[in-house]
Structures are given as structure tokens and as C-alpha cells.
2 protein chains.
Amino acid sequence: MPTEAKTAARPRHRIKISDVADALGMTKGTVSRALNGYPDIAESTRLKVHRKAEAMGYRPLAQAQGMRTGRTRTLGLVLQTDIPGAERPFLSDFLAGITQAASAENWTLTVATSAGGAAMEQTLERLVHERKSDGFILPRTRVRDGRAELLKRLEVPFVLFGRVADDSGCAWFDILGEEAMAEAVERLRVLGHRRIGFVGGAPEYNFAPLREAGFRRGLEAAGLPLDEALILRGAMLREEGARATRRLLSLEAPPTAIVFAVDLAALGAYDAARDRGLAIGRDLSVISYDGIPEGSWAQPSLTTFGVDSHLAGERLAGLLIRRIRGEAPEELRETAKARLLAGGSDGPPNLTSEDLAARISAALHDPSRPQEGE
Amino acid sequence: MPTEAKTAARPRHRIKISDVADALGMTKGTVSRALNGYPDIAESTRLKVHRKAEAMGYRPLAQAQGMRTGRTRTLGLVLQTDIPGAERPFLSDFLAGITQAASAENWTLTVATSAGGAAMEQTLERLVHERKSDGFILPRTRVRDGRAELLKRLEVPFVLFGRVADDSGCAWFDILGEEAMAEAVERLRVLGHRRIGFVGGAPEYNFAPLREAGFRRGLEAAGLPLDEALILRGAMLREEGARATRRLLSLEAPPTAIVFAVDLAALGAYDAARDRGLAIGRDLSVISYDGIPEGSWAQPSLTTFGVDSHLAGERLAGLLIRRIRGEAPEELRETAKARLLAGGSDGPPNLTSEDLAARISAALHDPSRPQEGE
DNA sequence: CTTGTTTCCGAAACCGGTTTCGGCAAGAGT
DNA sequence: ACTCTTGCCGAAACCGGTTTCGGAAACAAG
């Protein structure tokens, strides 16, 4: 092995394409075409080149490739920072999913943050203009999403996490929240509930109408009557959920169970129930959606549908890479199901709607109880 | 303005340095040197170039610059994914802080994830090797941190979020957790507590010995006796905190207050107290550190010290950029203070240590109470 | 044996910047 | 007036890849 000494790997010198070419007695152009699968390279040569490159540990420099090709094997993710209680607990898993799928193909992820609206579009344009990323993952879609429309105009590849009203030209991945909502209704029906309320999310987000539709379909499938008075919308935060719950409970015939589109809002139901002396899971059942950790620590723990953020990140990254490589957006649409996380917040109805109304009325007139928020 | 029509900005053609040079009748080399402050450019020329470049909206392409310079104005952040309950709630703010400071200087952030140990070092080396980032932010420092040692060897710039035992050659930013711990002791002393316990974090993390030292200094400053039996370590999770609390409460002379190094562990104290029929904030006071949202939703809300993750991100990004630009690591060390978030988990001691012991003993022999976890 | 195709690869231009080198012109020195 | 600096900028090489172009060799057809 003494003859190896001269040709041995030199300390810390990136080996470049010309090193591989020299070792093979070819030119770098040939090596490049061989590695990139050009048709004018003999099969035997292609094999030799691949083997040698592998053996020498050659890794093309993405930025050098990008000079000519305009692409740098980089995914972009722009997080919106001005949303109060948004997706914080899952971000870490989500990022892990994205980067894991990306690095399997030797791609990387650049993350930017921005407020919504015009600032968001500026940020996207800057990243495209400076070629900092070849395409984008857009989380939290709105029914009509300005980011998607902008990127369509700029002809920049992107994939949505969540659907949109007009998904022409859009690749997307989404969790079937509507199925979860329907399943929640069915679960409550089996438990014996007949009057079931619904508290939806902010209607500008695309998931909100979908989950509401899922709830309605669930009622229908369960053969339960639909009462529009039991359907509220726009609750994204704990206080908003509490307020909506109070409204539902103050009806003449209050629901014995409520399905929430958002966990954070569902936790508000705990506050409202406490005010009225109701026990969650017995006097009032709650099923929700998101799977935030706070839900599992609540007393009783929240029955909810969890989303696998890691999986979502993986799938989105995979779709985006394929989109950037040229596949049609219509071919790049996937879904996944939410998983039920059974907790203690739902159970057989302890009271009828009438008894419930009486209990609530009594509790609100009992001066020994603490004042409620609103 | 009709004459403008011909020279008006053409649709979506990045303007490059040669465009600026042509507009000025100079060569691109001259423009480049003018923009980068080379000394062999006349002041008048430099001004003209800067003005024209600004007017034309010229933005150098980081990857093209990187070809020659080896740097692409990119910060790197590698998140460790195999830690159970780590820093999830703050990640969004932290990223926002980093990217905000970075984009102010036209830098961007690439995020990778990795398990710890060897996988982490591979990930770092890959990013360096492929020039995907010019330097790294390393969160969650350990007392002896392999990542820092690796990057020192590779001569890659980095900045630590947290200190390390041997910080030679290390730039860092840290929150003064030790001061917070001392302040917690002082606060408890003022409330009237005399026997105060401490539950520290896992000793491999650098913050753990620091916070313990702060607790000890706090005791000394308050003139309170030190009892080694009241000091436990290694609690990072809720169950671990509950276990540690049970140990402290089962002492012959239990503490009337406990200072925790980590919020998650402090929430375990709630579980342990419930088992023994103790009211947090009255029978047992708790002060902790981190400021996780779960703390503010606990009953009673947790008194803790919050860290400003957004600020931390900003400062770290700023330090790293300066480090990459060549400043000495010894000049790049900053600290910030944690901020007290007063809750309801601390108050004047309701019982003496002896009474507390009696209450606990009674509760544990009451068969009507539910079984405890351990 | 010549001519016309194919197959396959070398040579060189190119991407958008940075940096080195050398030379012209103005100012300084004698 | 002539040289010697010095200041300032143009020309060209360079970074590490990709892609175009053209031609040599191999093969097929006549």
C-alpha cells in the first residue's frame, strides 16, 4: 500500500468534479453528463463514472450547480409569526419530518419568518429572487390563499399543507379533518348523545368549512336532526372557545356534547363548564381536533384527533421535490387520516338536555359561585 | 416619460452586476470592488456605484459570491430531535428571532435536524462540506459539548446558546439562570419559608450545575442553612419532577417550598402534591424556570422565570454573523436575564415543616385516597 | 473502398460574481 | 524635463459545476 501514499485523500480538500475526471482520464464535462444521465454517454462509461465518484466520495456543490441550473436543492418554509396560538407544539416534529425527507435526497431546508399579508409576499419574492430556495411549503392554507396565487404567477413550485378553494395548479397534502369530525359525531351517538353542538374555527382558514361539513355529514349519517342554532364558528383561542360554549349552554335546549374544530377552543369549554358547575366528560362531553399536549394534561384529558406532524413534513417535502423536478401539480396531492386520541372528556350523557338547562340556570343564580369571564 | 419605455425594468430579469457596470460604463470588476469597499477605488466612484446599484435594485446572488468566497450568508441551525420534552413551545419565537436578525443583514437560515451524538456530527460535517451554511447556532449546550469541539477542530464559526465548561474559542449567549434561582430563594425567604428544597436538571446540560449553584448562592445570601438532603438532580420531565417531589416530601423534615430548575419537572410537583392532599401555593410553594405555556394554565398557575426566545434568537444570529465576519470569539459573549412570571404556586407557608410531615403521613395512610404513581 | 450515419466524448463557453495583475495617467520629486 | 510613485481602473483568470457544439471513431450501407 505504499504506492497509495501519494494518491491518498489529501486533508480536507473537497474533491470536485475535475478530481473525478482526472482520476478517470476524462474531462469534467463528460463526468457531469454521465452523472446527470445524459443520453450521449455510453452505458459502460456511465457505470465507471458513477463507481469512481462514489468511491472518491464526490458530492457536487449545490451552489455551483445552481449557477448554471438556477436550482440549489433547497426547500423553503416561511412561517407566519403574527398568529396568536398557532402550531407551536408541532413545529419541531414538522421540521424534523421535512428535513429528514429532504436530506434523504440531499436537499436542505431554509426557514424564514414573516408577518402575514404583504410582508409574507415580500419575503417569498426575496427568497425566490435571491434563489435561496427552489420551492416552498405553505402551511395553514386559507380558503383563498394569496401566497399560492403569488407563487403561481411567479411560476415558482410550491406545495400546500391544507387544501384551498381553487386548487388548480396546486399540489397539496392535507389531513382529512372532515372525516375526523364525522367520526366524532358517530362516537358521541354511540355513547347516547342526541343533541350535539359544533364550534368551528375561523372561516378564512380552509380547514374550517371542511370540518364543519364533516360534522354535518356525521349528523346525517347518524340520523340525528340538524339544528343550526347548535353550530357556531370562529373559535381559535381558549377564550373564544369558552365564549362559544357559554352561548351553546345558554340555549333553551343546550347540547349534551360539543364537537370542536380546534383543541385550543375546546379547552375553553373546560373554563365555561367550571363556571356552570358542569363536569366535562359527564355533564358535558367534548371531542376536538389537533392533539396539542395541553389537551392530554387537562383534567379530564381531552378526547381529540391527533395529526402526525412528522409524517406531514415528510410527505410535503417529498411532494415539493417532485414538483420542482417537474411533475404536474395535479399528480401531487395526498391525504392522511387523523388518529383518535381517546381521553376522558367524552362519555355517556349524564343528564338530558332539559336537566342540563335546569342545572345551568341554577348554577348561574347561585351567588356563591365565582363570577365568570364574560 | 415615454423615453423610459425602452429602459424600463424588463419583466423578471434579475439585474446582475454586469447590468450595473454597463449602466455606469465600467467593468463588473470595478463595481464589485466598489461595493465591497476595496481601497483602490476612488471615493467618488464608490459613491456613484452605490447609488446606481441602489437605484437599480441590484442584489448580489449569494451563491455566486459563494463560489469565489466560500461563504453564502447562511446561518445553520441543527435541532436535536431525540430529546423528549425539549424547547418545543419556544421554537417558533426562536426561529423568528434568528431570521429577523439574519434578514436584516440579508442572511438566511437553513435548518437541519438530527439525533444526538455521532449523527449530529455527521449532519454538521455534511452541511459544512456542502457549504450549506457558514456557521452554526448550537442550542442546549452540554457541560462538555461534542458539537463545539468538532466545529473548533474544523475551524467552522459557531455560537452557543448556553455556556460550556471550557469556553475557550467559543462565542456564546446565555440567560442567567443562576441569578433567577437565587432570586427565587430570596422571594421564598421574604414569603417566610425557611426550609427550601431544590430539584435540578440533568447534570450533563450546562445549565444544571449553574442553576444549582445559583440556588446555593441564594440560600447563602438569604442566610438560610444548607441541607444537602434537600437538593436533588436530574429531573427534566413531569414524572421525574413528581418523583423528586415525593422524595423531598417523604423526608422527616420536608421543605415547605421547592425551587425547580425546569418547568416540566415543576408540574410534576402538582401531581405529587395532589396525591398527598397538599395545595400548591399554600401547603407547598413552587418556583421554577422556563416559562412554558403549560405552567400558566396549571391550577394554580406556576410562578416561574420566563426566557425571551425571540430575543435570544436575535442576539445569537447577530453574534454568529459577527463571528463569521472574523471577530474573536472572546469578544462575542452576551447574557440576558430571565423575567419573573409571578403565578399562584408560591405564597406564605401555610404549615411548618413538622405539620407538613404530619399531614403527608396522614394522607398516605388514608385508604380513600387514590393510589399514587410510584 | 467510399460515403453517410451514429455513437460518444473532448473542448470551450457559460452562470454571476470576486480577486489578481498590470498599465495608464496624474502628481511628486529632483 | 524626466523619472518615480501613487491612485485608479480595465482585463482576465478564477470558483465548480452544466451545457452546447463539433469532430473523431465506429459502424452501416452502397
# chains A, B, ... in the order shown; residues from 1 in each chain; ligands from 1
>>> interface_residues(of="chain B", to="chain A", cutoff="10 Å", atoms="only C-alpha atoms", output="ChimeraX atom specification")
/B:12-14,59-67,72,74-77,79-81,86-93,95-100,102-103,106-115,123,126-127,129-132,154,293-294,297-298
>>> interface_residues(of="chain C", to="chain A", cutoff="7 Å", atoms="only C-alpha atoms (C1' of nucleotides)", output="NGL selection string")
:C and (8-10 or 15)
>>> closest_atom_pairs(of="chain D", to="chain A", cutoff="10 Å", atoms="only C-alpha atoms (C1' of nucleotides)", output="Markdown table")
| residue | atom | partner | partner_atom | distance |
| --- | --- | --- | --- | --- |
| D:DC15 | C1' | A:Ala64 | CA | 8.4 |
| D:DG16 | C1' | A:Ala64 | CA | 5.3 |
| D:DG17 | C1' | A:Ala64 | CA | 5.0 |
| D:DT18 | C1' | A:Arg68 | CA | 5.8 |
| D:DT19 | C1' | A:Gly29 | CA | 8.5 |
>>> atom_distance(atom1="CA of Ile175 in chain B", atom2="CA of Val159 in chain B")
14.0 Å
>>> residues_around(residues="DC27 in chain D", least_positions_apart="4", cutoff="10 Å", atoms="only C-alpha atoms (C1' of nucleotides)", output="list in words")
DT5, DT6 and DT7 of chain C
>>> residues_around(residues="Arg51 in chain A", least_positions_apart="3", cutoff="12 Å", atoms="only C-alpha atoms (C1' of nucleotides)", output="list in words")
Val20, Ala23, Leu24, Val31, Ala34, Leu35, Ser44, Thr45, Arg46, Leu47, Lys48, Glu54, Ala55, Met56, Gly57 and Tyr58 of chain A
>>> select_by_dssp(residues="range 200-248 of chain B", states="alpha helix (DSSP H)", output="count of residues only")
27
>>> select_by_dssp(residues="range 70-132 of chain A", states="strand (DSSP E)", output="list in words")
Thr74, Leu75, Gly76, Leu77, Val78, Leu79, Gln80, Thr108, Leu109, Thr110, Val111, Ala112, Thr113 and Ser114 of chain A
>>> write_last_selection(atoms="all heavy atoms", output="CSV table (one decimal), in the first residue's frame")
chain,number,residue,atom,x,y,z
A,74,THR,N,-32.8,23.2,-2.5
A,74,THR,CA,-33.2,23.8,-1.3
A,74,THR,C,-34.7,24.1,-1.2
A,74,THR,O,-35.3,24.7,-2.1
A,74,THR,CB,-32.5,25.2,-1.1
A,74,THR,OG1,-31.1,25.0,-1.3
A,74,THR,CG2,-32.8,25.7,0.3
A,75,LEU,N,-35.3,23.5,-0.1
A,75,LEU,CA,-36.8,23.8,0.1
A,75,LEU,C,-36.9,25.0,1.0
A,75,LEU,O,-36.1,25.3,1.8
A,75,LEU,CB,-37.4,22.6,0.8
A,75,LEU,CG,-37.2,21.2,0.2
A,75,LEU,CD1,-37.9,20.2,1.0
A,75,LEU,CD2,-37.7,21.2,-1.3
A,76,GLY,N,-38.0,25.7,0.8
A,76,GLY,CA,-38.2,26.9,1.6
A,76,GLY,C,-39.5,26.8,2.4
A,76,GLY,O,-40.5,26.2,2.0
A,77,LEU,N,-39.4,27.3,3.6
A,77,LEU,CA,-40.6,27.3,4.5
A,77,LEU,C,-40.7,28.7,5.2
A,77,LEU,O,-39.7,29.1,5.8
A,77,LEU,CB,-40.4,26.2,5.6
A,77,LEU,CG,-41.5,26.1,6.7
A,77,LEU,CD1,-42.8,25.7,6.1
A,77,LEU,CD2,-41.1,25.2,7.8
A,78,VAL,N,-41.8,29.3,4.9
A,78,VAL,CA,-41.9,30.6,5.6
A,78,VAL,C,-43.0,30.5,6.6
A,78,VAL,O,-44.2,30.3,6.3
A,78,VAL,CB,-42.3,31.7,4.5
A,78,VAL,CG1,-42.5,33.1,5.2
A,78,VAL,CG2,-41.3,31.8,3.4
A,79,LEU,N,-42.6,30.8,7.8
A,79,LEU,CA,-43.6,30.7,8.9
A,79,LEU,C,-44.2,32.0,9.2
A,79,LEU,O,-43.5,33.0,9.3
A,79,LEU,CB,-42.9,30.2,10.2
A,79,LEU,CG,-42.2,28.8,10.1
A,79,LEU,CD1,-41.4,28.5,11.3
A,79,LEU,CD2,-43.3,27.7,9.9
A,80,GLN,N,-45.5,32.0,9.4
A,80,GLN,CA,-46.2,33.3,9.7
A,80,GLN,C,-46.1,33.5,11.2
A,80,GLN,O,-46.5,32.6,12.0
A,80,GLN,CB,-47.6,33.2,9.2
A,80,GLN,CG,-48.3,34.6,9.3
A,80,GLN,CD,-49.6,34.6,8.6
A,80,GLN,OE1,-49.9,33.7,7.8
A,80,GLN,NE2,-50.4,35.6,9.0
A,108,THR,N,-31.8,20.6,1.3
A,108,THR,CA,-31.8,21.2,2.6
A,108,THR,C,-33.0,22.1,2.7
A,108,THR,O,-33.7,22.3,1.7
A,108,THR,CB,-30.5,22.0,2.9
A,108,THR,OG1,-30.3,22.8,1.8
A,108,THR,CG2,-29.4,21.1,3.1
A,109,LEU,N,-33.2,22.6,3.9
A,109,LEU,CA,-34.4,23.5,4.2
A,109,LEU,C,-33.9,24.8,4.6
A,109,LEU,O,-33.1,24.9,5.6
A,109,LEU,CB,-35.2,22.8,5.3
A,109,LEU,CG,-36.4,23.6,5.8
A,109,LEU,CD1,-37.5,23.8,4.8
A,109,LEU,CD2,-36.9,23.0,7.1
A,110,THR,N,-34.4,25.9,4.0
A,110,THR,CA,-34.2,27.2,4.6
A,110,THR,C,-35.5,27.7,5.1
A,110,THR,O,-36.6,27.6,4.5
A,110,THR,CB,-33.6,28.2,3.6
A,110,THR,OG1,-34.6,29.0,3.0
A,110,THR,CG2,-32.8,27.5,2.5
A,111,VAL,N,-35.4,28.3,6.3
A,111,VAL,CA,-36.6,28.7,7.0
A,111,VAL,C,-36.6,30.3,7.1
A,111,VAL,O,-35.5,30.8,7.4
A,111,VAL,CB,-36.7,28.1,8.4
A,111,VAL,CG1,-37.8,28.8,9.2
A,111,VAL,CG2,-36.8,26.6,8.4
A,112,ALA,N,-37.7,30.9,6.8
A,112,ALA,CA,-37.8,32.3,7.0
A,112,ALA,C,-39.1,32.5,7.8
A,112,ALA,O,-39.9,31.7,7.9
A,112,ALA,CB,-37.9,33.0,5.7
A,113,THR,N,-39.2,33.7,8.4
A,113,THR,CA,-40.4,34.0,9.1
A,113,THR,C,-40.9,35.4,8.6
A,113,THR,O,-40.1,36.2,8.1
A,113,THR,CB,-40.2,34.1,10.7
A,113,THR,OG1,-39.2,35.1,10.9
A,113,THR,CG2,-39.7,32.8,11.2
A,114,SER,N,-42.2,35.6,8.8
A,114,SER,CA,-42.7,36.8,8.3
A,114,SER,C,-44.1,37.0,8.9
A,114,SER,O,-44.8,36.1,9.3
A,114,SER,CB,-42.8,36.7,6.8
A,114,SER,OG,-43.7,37.7,6.3
>>> residues_around(residues="DG22 in chain D", least_positions_apart="2", cutoff="10 Å", atoms="only C-alpha atoms (C1' of nucleotides)", output="MDAnalysis selection string")
(chainID C and resid 10:11) or (chainID D and resid 20 24)
>>> residues_around(residues="Leu284 in chain A", least_positions_apart="6", cutoff="12 Å", atoms="only C-alpha atoms (C1' of nucleotides)", output="PDB file with N, CA and C atoms, in the first residue's frame")
ATOM      1  N   LEU A 188     -70.059   9.981  19.524  1.00  0.00           N
ATOM      2  CA  LEU A 188     -70.979  10.562  20.507  1.00  0.00           C
ATOM      3  C   LEU A 188     -72.358   9.918  20.405  1.00  0.00           C
ATOM      4  N   HIS A 193     -75.579  10.327  22.887  1.00  0.00           N
ATOM      5  CA  HIS A 193     -75.913  11.745  22.728  1.00  0.00           C
ATOM      6  C   HIS A 193     -76.837  11.940  21.539  1.00  0.00           C
ATOM      7  N   ARG A 195     -78.317  15.504  21.138  1.00  0.00           N
ATOM      8  CA  ARG A 195     -78.128  16.932  20.801  1.00  0.00           C
ATOM      9  C   ARG A 195     -76.650  17.249  20.878  1.00  0.00           C
ATOM     10  N   ILE A 196     -76.060  17.463  19.723  1.00  0.00           N
ATOM     11  CA  ILE A 196     -74.616  17.669  19.652  1.00  0.00           C
ATOM     12  C   ILE A 196     -74.324  19.015  19.006  1.00  0.00           C
ATOM     13  N   GLY A 197     -73.536  19.829  19.681  1.00  0.00           N
ATOM     14  CA  GLY A 197     -73.172  21.143  19.144  1.00  0.00           C
ATOM     15  C   GLY A 197     -71.853  21.103  18.396  1.00  0.00           C
ATOM     16  N   THR A 245     -68.925  28.152  24.014  1.00  0.00           N
ATOM     17  CA  THR A 245     -69.544  27.141  24.868  1.00  0.00           C
ATOM     18  C   THR A 245     -70.646  27.751  25.728  1.00  0.00           C
ATOM     19  N   ARG A 246     -70.365  28.940  26.257  1.00  0.00           N
ATOM     20  CA  ARG A 246     -71.384  29.593  27.089  1.00  0.00           C
ATOM     21  C   ARG A 246     -72.626  29.888  26.280  1.00  0.00           C
ATOM     22  N   LEU A 248     -73.728  28.206  23.681  1.00  0.00           N
ATOM     23  CA  LEU A 248     -74.450  26.956  23.444  1.00  0.00           C
ATOM     24  C   LEU A 248     -75.168  26.494  24.703  1.00  0.00           C
ATOM     25  N   LEU A 249     -74.505  26.668  25.848  1.00  0.00           N
ATOM     26  CA  LEU A 249     -75.102  26.182  27.095  1.00  0.00           C
ATOM     27  C   LEU A 249     -76.257  27.053  27.549  1.00  0.00           C
ATOM     28  N   PRO A 254     -79.870  23.063  25.526  1.00  0.00           N
ATOM     29  CA  PRO A 254     -78.419  23.019  25.279  1.00  0.00           C
ATOM     30  C   PRO A 254     -77.980  21.636  24.816  1.00  0.00           C
ATOM     31  N   PRO A 255     -76.873  21.567  24.100  1.00  0.00           N
ATOM     32  CA  PRO A 255     -76.338  20.269  23.668  1.00  0.00           C
ATOM     33  C   PRO A 255     -75.705  19.537  24.861  1.00  0.00           C
ATOM     34  N   THR A 256     -75.746  18.227  24.794  1.00  0.00           N
ATOM     35  CA  THR A 256     -75.075  17.457  25.848  1.00  0.00           C
ATOM     36  C   THR A 256     -73.649  17.111  25.450  1.00  0.00           C
ATOM     37  N   ALA A 257     -73.331  17.423  24.220  1.00  0.00           N
ATOM     38  CA  ALA A 257     -71.957  17.193  23.742  1.00  0.00           C
ATOM     39  C   ALA A 257     -71.621  18.247  22.701  1.00  0.00           C
ATOM     40  N   ILE A 258     -70.336  18.605  22.637  1.00  0.00           N
ATOM     41  CA  ILE A 258     -69.904  19.600  21.648  1.00  0.00           C
ATOM     42  C   ILE A 258     -68.661  19.071  20.929  1.00  0.00           C
ATOM     43  N   VAL A 259     -68.702  19.189  19.618  1.00  0.00           N
ATOM     44  CA  VAL A 259     -67.525  18.865  18.818  1.00  0.00           C
ATOM     45  C   VAL A 259     -66.815  20.168  18.472  1.00  0.00           C
ATOM     46  N   ALA A 266     -61.486  24.033  22.457  1.00  0.00           N
ATOM     47  CA  ALA A 266     -62.108  23.010  23.295  1.00  0.00           C
ATOM     48  C   ALA A 266     -61.693  23.178  24.753  1.00  0.00           C
ATOM     49  N   ALA A 269     -63.889  25.257  26.697  1.00  0.00           N
ATOM     50  CA  ALA A 269     -65.109  24.637  27.206  1.00  0.00           C
ATOM     51  C   ALA A 269     -64.931  24.205  28.657  1.00  0.00           C
ATOM     52  N   TYR A 270     -63.728  23.827  29.028  1.00  0.00           N
ATOM     53  CA  TYR A 270     -63.456  23.448  30.420  1.00  0.00           C
ATOM     54  C   TYR A 270     -63.732  24.628  31.340  1.00  0.00           C
ATOM     55  N   ALA A 272     -65.681  27.250  30.725  1.00  0.00           N
ATOM     56  CA  ALA A 272     -67.113  27.556  30.745  1.00  0.00           C
ATOM     57  C   ALA A 272     -67.862  26.540  31.612  1.00  0.00           C
ATOM     58  N   ALA A 273     -67.473  25.273  31.500  1.00  0.00           N
ATOM     59  CA  ALA A 273     -68.152  24.235  32.282  1.00  0.00           C
ATOM     60  C   ALA A 273     -67.913  24.445  33.775  1.00  0.00           C
ATOM     61  N   ARG A 274     -66.695  24.842  34.130  1.00  0.00           N
ATOM     62  CA  ARG A 274     -66.388  25.065  35.536  1.00  0.00           C
ATOM     63  C   ARG A 274     -67.287  26.156  36.105  1.00  0.00           C
ATOM     64  N   ARG A 276     -70.181  26.886  35.342  1.00  0.00           N
ATOM     65  CA  ARG A 276     -71.567  26.447  35.483  1.00  0.00           C
ATOM     66  C   ARG A 276     -71.691  25.176  36.313  1.00  0.00           C
ATOM     67  N   GLY A 277     -70.593  24.785  36.915  1.00  0.00           N
ATOM     68  CA  GLY A 277     -70.643  23.622  37.785  1.00  0.00           C
ATOM     69  C   GLY A 277     -70.864  22.314  37.044  1.00  0.00           C
ATOM     70  N   LEU A 278     -70.439  22.276  35.795  1.00  0.00           N
ATOM     71  CA  LEU A 278     -70.616  21.058  35.000  1.00  0.00           C
ATOM     72  C   LEU A 278     -69.307  20.280  34.920  1.00  0.00           C
ATOM     73  N   PRO A 300     -60.622  16.378  32.893  1.00  0.00           N
ATOM     74  CA  PRO A 300     -60.060  15.138  32.361  1.00  0.00           C
ATOM     75  C   PRO A 300     -59.355  15.396  31.035  1.00  0.00           C
ATOM     76  N   GLY A 344     -60.684  11.526  28.468  1.00  0.00           N
ATOM     77  CA  GLY A 344     -61.794  11.389  29.393  1.00  0.00           C
ATOM     78  C   GLY A 344     -62.856  12.453  29.225  1.00  0.00           C
ATOM     79  N   SER A 345     -62.793  13.214  28.148  1.00  0.00           N
ATOM     80  CA  SER A 345     -63.698  14.350  28.012  1.00  0.00           C
ATOM     81  C   SER A 345     -65.015  13.977  27.354  1.00  0.00           C
ATOM     82  N   ASP A 346     -65.137  12.723  26.920  1.00  0.00           N
ATOM     83  CA  ASP A 346     -66.416  12.305  26.360  1.00  0.00           C
ATOM     84  C   ASP A 346     -66.897  11.048  27.085  1.00  0.00           C
ATOM     85  N   GLY A 347     -68.209  10.933  27.200  1.00  0.00           N
ATOM     86  CA  GLY A 347     -68.781   9.783  27.880  1.00  0.00           C
ATOM     87  C   GLY A 347     -70.282   9.788  27.671  1.00  0.00           C
ATOM     88  N   PRO A 348     -70.955   8.796  28.234  1.00  0.00           N
ATOM     89  CA  PRO A 348     -72.413   8.758  28.091  1.00  0.00           C
ATOM     90  C   PRO A 348     -73.028   9.993  28.733  1.00  0.00           C
ATOM     91  N   PRO A 349     -74.093  10.509  28.171  1.00  0.00           N
ATOM     92  CA  PRO A 349     -74.717  11.711  28.748  1.00  0.00           C
ATOM     93  C   PRO A 349     -75.276  11.419  30.126  1.00  0.00           C
ATOM     94  N   ASN A 350     -74.913  12.259  31.053  1.00  0.00           N
ATOM     95  CA  ASN A 350     -75.322  12.110  32.440  1.00  0.00           C
ATOM     96  C   ASN A 350     -76.697  12.722  32.656  1.00  0.00           C
ATOM     97  N   LEU A 351     -76.985  13.734  31.864  1.00  0.00           N
ATOM     98  CA  LEU A 351     -78.225  14.484  32.004  1.00  0.00           C
ATOM     99  C   LEU A 351     -78.899  14.604  30.639  1.00  0.00           C
ATOM    100  N   THR A 352     -80.183  14.778  30.642  1.00  0.00           N
ATOM    101  CA  THR A 352     -80.861  15.134  29.406  1.00  0.00           C
ATOM    102  C   THR A 352     -80.634  16.615  29.152  1.00  0.00           C
ATOM    103  N   SER A 353     -80.983  17.054  27.966  1.00  0.00           N
ATOM    104  CA  SER A 353     -80.818  18.467  27.636  1.00  0.00           C
ATOM    105  C   SER A 353     -81.623  19.338  28.604  1.00  0.00           C
ATOM    106  N   ASP A 355     -82.546  18.633  31.783  1.00  0.00           N
ATOM    107  CA  ASP A 355     -81.907  18.645  33.106  1.00  0.00           C
ATOM    108  C   ASP A 355     -80.679  19.536  33.097  1.00  0.00           C
ATOM    109  N   LEU A 356     -79.960  19.458  31.999  1.00  0.00           N
ATOM    110  CA  LEU A 356     -78.754  20.272  31.858  1.00  0.00           C
ATOM    111  C   LEU A 356     -79.115  21.751  31.937  1.00  0.00           C
ATOM    112  N   ALA A 357     -80.162  22.139  31.211  1.00  0.00           N
ATOM    113  CA  ALA A 357     -80.582  23.538  31.220  1.00  0.00           C
ATOM    114  C   ALA A 357     -80.948  23.974  32.646  1.00  0.00           C
ATOM    115  N   ARG A 359     -79.824  22.668  35.481  1.00  0.00           N
ATOM    116  CA  ARG A 359     -78.595  22.752  36.291  1.00  0.00           C
ATOM    117  C   ARG A 359     -77.850  24.056  36.035  1.00  0.00           C
ATOM    118  N   ILE A 360     -77.765  24.403  34.759  1.00  0.00           N
ATOM    119  CA  ILE A 360     -77.040  25.616  34.390  1.00  0.00           C
ATOM    120  C   ILE A 360     -77.721  26.838  34.959  1.00  0.00           C
TER     121      ILE A 360
END
>>> decode(residues="range 270-283 of chain A", atoms="N, CA, C and O atoms", output="JSON list (two decimals), in the first residue's frame")
[["chain", "number", "residue", "atom", "x", "y", "z"],
["A", 270, "TYR", "N", -63.73, 23.83, 29.03],
["A", 270, "TYR", "CA", -63.46, 23.45, 30.42],
["A", 270, "TYR", "C", -63.73, 24.63, 31.34],
["A", 270, "TYR", "O", -64.30, 24.47, 32.42],
["A", 271, "ASP", "N", -63.28, 25.81, 30.90],
["A", 271, "ASP", "CA", -63.50, 27.01, 31.72],
["A", 271, "ASP", "C", -64.99, 27.30, 31.84],
["A", 271, "ASP", "O", -65.49, 27.56, 32.94],
["A", 272, "ALA", "N", -65.68, 27.25, 30.73],
["A", 272, "ALA", "CA", -67.11, 27.56, 30.75],
["A", 272, "ALA", "C", -67.86, 26.54, 31.61],
["A", 272, "ALA", "O", -68.78, 26.90, 32.36],
["A", 273, "ALA", "N", -67.47, 25.27, 31.50],
["A", 273, "ALA", "CA", -68.15, 24.23, 32.28],
["A", 273, "ALA", "C", -67.91, 24.44, 33.77],
["A", 273, "ALA", "O", -68.82, 24.28, 34.59],
["A", 274, "ARG", "N", -66.69, 24.84, 34.13],
["A", 274, "ARG", "CA", -66.39, 25.07, 35.54],
["A", 274, "ARG", "C", -67.29, 26.16, 36.10],
["A", 274, "ARG", "O", -67.86, 26.01, 37.18],
["A", 275, "ASP", "N", -67.44, 27.24, 35.34],
["A", 275, "ASP", "CA", -68.31, 28.33, 35.78],
["A", 275, "ASP", "C", -69.71, 27.85, 36.11],
["A", 275, "ASP", "O", -70.36, 28.35, 37.02],
["A", 276, "ARG", "N", -70.18, 26.89, 35.34],
["A", 276, "ARG", "CA", -71.57, 26.45, 35.48],
["A", 276, "ARG", "C", -71.69, 25.18, 36.31],
["A", 276, "ARG", "O", -72.76, 24.56, 36.35],
["A", 277, "GLY", "N", -70.59, 24.78, 36.92],
["A", 277, "GLY", "CA", -70.64, 23.62, 37.78],
["A", 277, "GLY", "C", -70.86, 22.31, 37.04],
["A", 277, "GLY", "O", -71.43, 21.37, 37.58],
["A", 278, "LEU", "N", -70.44, 22.28, 35.80],
["A", 278, "LEU", "CA", -70.62, 21.06, 35.00],
["A", 278, "LEU", "C", -69.31, 20.28, 34.92],
["A", 278, "LEU", "O", -68.23, 20.87, 34.84],
["A", 279, "ALA", "N", -69.42, 18.96, 34.94],
["A", 279, "ALA", "CA", -68.23, 18.12, 34.84],
["A", 279, "ALA", "C", -68.04, 17.69, 33.38],
["A", 279, "ALA", "O", -68.93, 17.05, 32.81],
["A", 280, "ILE", "N", -66.91, 18.07, 32.84],
["A", 280, "ILE", "CA", -66.58, 17.66, 31.47],
["A", 280, "ILE", "C", -66.45, 16.14, 31.44],
["A", 280, "ILE", "O", -65.84, 15.54, 32.33],
["A", 281, "GLY", "N", -67.06, 15.53, 30.43],
["A", 281, "GLY", "CA", -66.98, 14.07, 30.31],
["A", 281, "GLY", "C", -68.19, 13.38, 30.91],
["A", 281, "GLY", "O", -68.43, 12.21, 30.61],
["A", 282, "ARG", "N", -68.92, 14.10, 31.77],
["A", 282, "ARG", "CA", -70.13, 13.52, 32.35],
["A", 282, "ARG", "C", -71.34, 14.40, 32.03],
["A", 282, "ARG", "O", -72.22, 13.99, 31.29],
["A", 283, "ASP", "N", -71.30, 15.63, 32.54],
["A", 283, "ASP", "CA", -72.42, 16.52, 32.25],
["A", 283, "ASP", "C", -72.34, 17.09, 30.84],
["A", 283, "ASP", "O", -73.34, 17.38, 30.21]]
